[in-house]
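K.L.:
The following block contains the structure, expressed as structure tokens.
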Amino acid sequence: VVSLGHTSASFDEAERGVRCGARMLTHLFNAMSSFHHREPGLIGLLTEDNRENMDGVSFGIICDGIHVHPRAVRLAWKLCREGLVLVTDAMSATGLDGGIVHHLGSVQVRISADGKKATVVDHDSSCNEGCSSETLAGSVVTMETCVKNLRDYCNCEIGEALVAATLRPAMILGLETKGKIEVGCDADLVVLDDDLRVLETWIGGGCVFETGDSV
């Protein structure tokens with residue numbers, strides 16, 4: 001799947017890219033030109049008329065409440081909910097305690113005290129051990145949190161949010177046996193409680209993780 005992102009491309013350039021086969025936008029709103037009324041850039045592809053012309057361009061969005069403001073997520077949802085795909089952009093420090101310094105390759109990354117934000121450590125600052133910059137170093141969000149955030153930000157049904165994390169990405173990738181519970185499909189399942197907390201994870205019909213809490 002060809003996806004457009006991390007670019008300052010104009011709307012006309014983005015439109016040409018889609019006509020040449022691109023079918024998705026990477027990390028909507030992040031590392032791309034901001035929307036402007038005279039030059040909408042990639043974000044302009046979300047508008048309804050252009051989506052009809054472009055044969056359904058989808059977009060990934062990092063729904064951690066940090067990479068994209070909740071109101072921007074809601075705007076994207078209202079413009080083009082049928083194209084929204086949840087992504088985490090999570091890095092290797094996901095799930096670790098907050099307040100630590102982690103390494104992402106050769107780059108030092110500081111995890112915020114609440115464990116929700118990862119920023120590059122700035123060694124050119126006046127801090128002896130380096131200070132956190134404002135540069136994000138990926139996210140430390142998990143997919144079930146993205147699902148919960150989408151539901152909360154957009155006031156949508158849980159089922160709609162789950163589709164954005166399961167069926168829709170599977171369809172975009174052409175994975176016919178993923179993203180749905182049907183005879184003949186892969187038994188890759190996540191069991192959630194009413195608060196969207198993970199209780200169990202199943203891969204290929206076998207349970208590989210469980211919290212011990214009753215389902």
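Letters for chains follow the order of the structure tokens (A, B, ...), residue numbers begin at 1 for each chain, and ligand numbers begin at 1 in the order shown.
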Give me every strand (DSSP E) residue in chain A, going by DSSP on the backbone, as a PyMOL selection string.

P.N.:
chain A and resi 3-4+24-25+58-62+84-87+101-104+107-111+118-122+131-136+189-192+198-203+206-210

K.L.:
Write out as a list of chain:residue names the residues lying within 10 Å of Thr211 in chain A, counting only C-alpha atoms and excluding same-chain residues fewer than 6 positions away.

P.N.:
A:Arg197, A:Val198, A:Leu199, A:Glu200, A:Thr201

K.L.:
Residues within 7 Å of Leu173 in chain A, please, as a PyMOL selection string. Count only C-alpha atoms; anything in the same chain fewer than 3 positions from it doesn't count.

P.N.:
chain A and resi 1+169-170

K.L.:
Keeping N, CA and C atoms, export the residues of the selection given above as an mmCIF file, in the first residue's frame.

P.N.:
```cif
data_model
loop_
_atom_site.group_PDB
_atom_site.id
_atom_site.type_symbol
_atom_site.label_atom_id
_atom_site.label_comp_id
_atom_site.auth_asym_id
_atom_site.auth_seq_id
_atom_site.Cartn_x
_atom_site.Cartn_y
_atom_site.Cartn_z
ATOM 1 N N VAL A 1 0.850 -1.186 0.000
ATOM 2 C CA VAL A 1 0.000 0.000 0.000
ATOM 3 C C VAL A 1 0.885 1.235 0.000
ATOM 4 N N PRO A 169 -8.124 -1.434 8.758
ATOM 5 C CA PRO A 169 -6.738 -1.644 8.332
ATOM 6 C C PRO A 169 -6.531 -2.971 7.613
ATOM 7 N N ALA A 170 -7.256 -4.002 8.030
ATOM 8 C CA ALA A 170 -7.143 -5.296 7.350
ATOM 9 C C ALA A 170 -7.623 -5.195 5.906
#
```

K.L.:
Restricting the calculation to only C-alpha atoms, which member of A:Gly56, A:Leu104, A:Glu144, A:Ala137 is positioned closest to Val120 in chain A?

P.N.:
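Among the listed residues, A:Ala137 lies closest to Val120 in chain A.
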
K.L.:
Between A:Leu96, A:Leu79, A:Ala164, A:Leu42, which residue has the minimum interatomic distance to Asp12 in chain A, considering only C-alpha atoms?

P.N.:
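When distances to Asp12 in chain A are compared using only C-alpha atoms, the smallest one comes from A:Leu42.
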
K.L.:
Which residues come within 12 Å of Asp195 in chain A, counting only C-alpha atoms, excluding same-chain residues fewer than 3 positions away, as a list in words?

P.N.:
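Non-adjacent residues within range: Glu144, Thr145, Val147, Lys148, Asn149, Arg151, Asp152, Ile158, Val191, Leu192, Val198 and Leu199 of chain A.
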
K.L.:
Just how far from CA of Glu134 in chain A is CA of Ala93 in chain A, in Å to one decimal?

P.N.:
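Atom-to-atom, CA of Ala93 in chain A and CA of Glu134 in chain A are spaced 17.5 Å apart.
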
K.L.:
What lies within 10 Å of Gly83 in chain A using only C-alpha atoms, ignoring chain neighbours under 3 positions off, as a compact mmCIF listing (two decimals) with N, CA and C atoms, in the first residue's frame?

P.N.:
```txt
# COMPACT_ATOMS: atom_id res chain seq x y z
N MET A 24 -3.38 6.00 0.88
CA MET A 24 -3.46 6.29 2.32
C MET A 24 -2.58 7.48 2.66
N LEU A 25 -2.89 8.12 3.78
CA LEU A 25 -2.07 9.19 4.34
C LEU A 25 -1.47 8.70 5.65
N LEU A 46 -9.08 14.92 2.52
CA LEU A 46 -10.15 14.38 3.35
C LEU A 46 -11.53 14.93 2.99
N ARG A 51 -12.63 13.05 -1.94
CA ARG A 51 -12.61 11.61 -1.67
C ARG A 51 -13.36 10.85 -2.75
N GLY A 56 -11.57 6.96 -2.48
CA GLY A 56 -11.47 6.52 -1.10
C GLY A 56 -10.09 6.45 -0.51
N VAL A 57 -9.46 7.59 -0.28
CA VAL A 57 -8.16 7.62 0.40
C VAL A 57 -8.38 7.50 1.90
N SER A 58 -7.69 6.58 2.53
CA SER A 58 -7.78 6.41 3.98
C SER A 58 -6.62 7.14 4.65
N PHE A 59 -6.68 7.23 5.97
CA PHE A 59 -5.60 7.93 6.67
C PHE A 59 -5.39 7.32 8.05
N GLY A 60 -4.11 7.21 8.43
CA GLY A 60 -3.77 6.78 9.76
C GLY A 60 -3.65 7.98 10.68
N ALA A 76 -11.26 15.25 11.85
CA ALA A 76 -10.98 14.23 10.85
C ALA A 76 -12.10 13.18 10.82
N TRP A 77 -12.59 12.81 11.99
CA TRP A 77 -13.68 11.84 12.08
C TRP A 77 -14.94 12.36 11.38
N LEU A 79 -15.10 14.65 9.05
CA LEU A 79 -14.88 14.81 7.62
C LEU A 79 -14.91 13.47 6.89
N CYS A 80 -14.35 12.45 7.52
CA CYS A 80 -14.11 11.22 6.76
C CYS A 80 -13.98 10.02 7.69
N ALA A 164 -12.04 0.83 13.33
CA ALA A 164 -10.88 1.64 12.91
C ALA A 164 -9.56 1.01 13.32
N ARG A 168 -10.94 -2.18 9.25
CA ARG A 168 -10.54 -1.22 8.21
C ARG A 168 -9.07 -1.37 7.81
N PRO A 169 -8.12 -1.43 8.76
CA PRO A 169 -6.74 -1.64 8.33
C PRO A 169 -6.53 -2.97 7.61
N ILE A 172 -7.65 -2.48 4.03
CA ILE A 172 -6.70 -1.67 3.26
C ILE A 172 -5.51 -2.52 2.83
```

K.L.:
A:Leu150, A:Leu45, A:Val208, A:Val141: which is nearest Val163 in chain A, counting only C-alpha atoms?

P.N.:
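Ranked by minimum distance to Val163 in chain A, first place goes to A:Leu150.
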
K.L.:
Name all residues at most 8 Å from Asp114 in chain A (count only C-alpha atoms; drop same-chain ones fewer than 2 positions away) and give them as a list in words.

P.N.:
Gly98, Gly99, Ser112, Lys116 and Lys117 of chain A

K.L.:
Can you write just those residues out, N, CA, C and O atoms, as a PDB file, in the first residue's frame?

P.N.:
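The resulting again39.pdb:
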```
ATOM      1  N   GLY A  98       7.014   5.556  33.773  1.00  0.00           N
ATOM      2  CA  GLY A  98       7.281   6.935  33.420  1.00  0.00           C
ATOM      3  C   GLY A  98       8.482   7.486  34.164  1.00  0.00           C
ATOM      4  O   GLY A  98       8.932   6.926  35.168  1.00  0.00           O
ATOM      5  N   GLY A  99       9.032   8.575  33.656  1.00  0.00           N
ATOM      6  CA  GLY A  99      10.149   9.247  34.305  1.00  0.00           C
ATOM      7  C   GLY A  99      11.506   8.668  33.998  1.00  0.00           C
ATOM      8  O   GLY A  99      12.518   9.089  34.576  1.00  0.00           O
ATOM      9  N   SER A 112       7.762  10.805  29.956  1.00  0.00           N
ATOM     10  CA  SER A 112       7.188  11.717  30.944  1.00  0.00           C
ATOM     11  C   SER A 112       6.783  10.967  32.205  1.00  0.00           C
ATOM     12  O   SER A 112       6.610   9.742  32.190  1.00  0.00           O
ATOM     13  N   LYS A 116       2.999   8.952  29.428  1.00  0.00           N
ATOM     14  CA  LYS A 116       2.171   9.138  28.239  1.00  0.00           C
ATOM     15  C   LYS A 116       2.895   9.808  27.070  1.00  0.00           C
ATOM     16  O   LYS A 116       2.346   9.852  25.964  1.00  0.00           O
ATOM     17  N   LYS A 117       4.101  10.324  27.291  1.00  0.00           N
ATOM     18  CA  LYS A 117       4.764  11.119  26.260  1.00  0.00           C
ATOM     19  C   LYS A 117       6.241  10.777  26.197  1.00  0.00           C
ATOM     20  O   LYS A 117       6.902  10.628  27.221  1.00  0.00           O
TER      21      LYS A 117
END
```

K.L.:
Using only C-alpha atoms, can you tell me which of A:Ala22, A:Val140, A:Asp186, A:Cys156 comes closest to Ser92 in chain A?

P.N.:
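Nearest to Ser92 in chain A: A:Val140.
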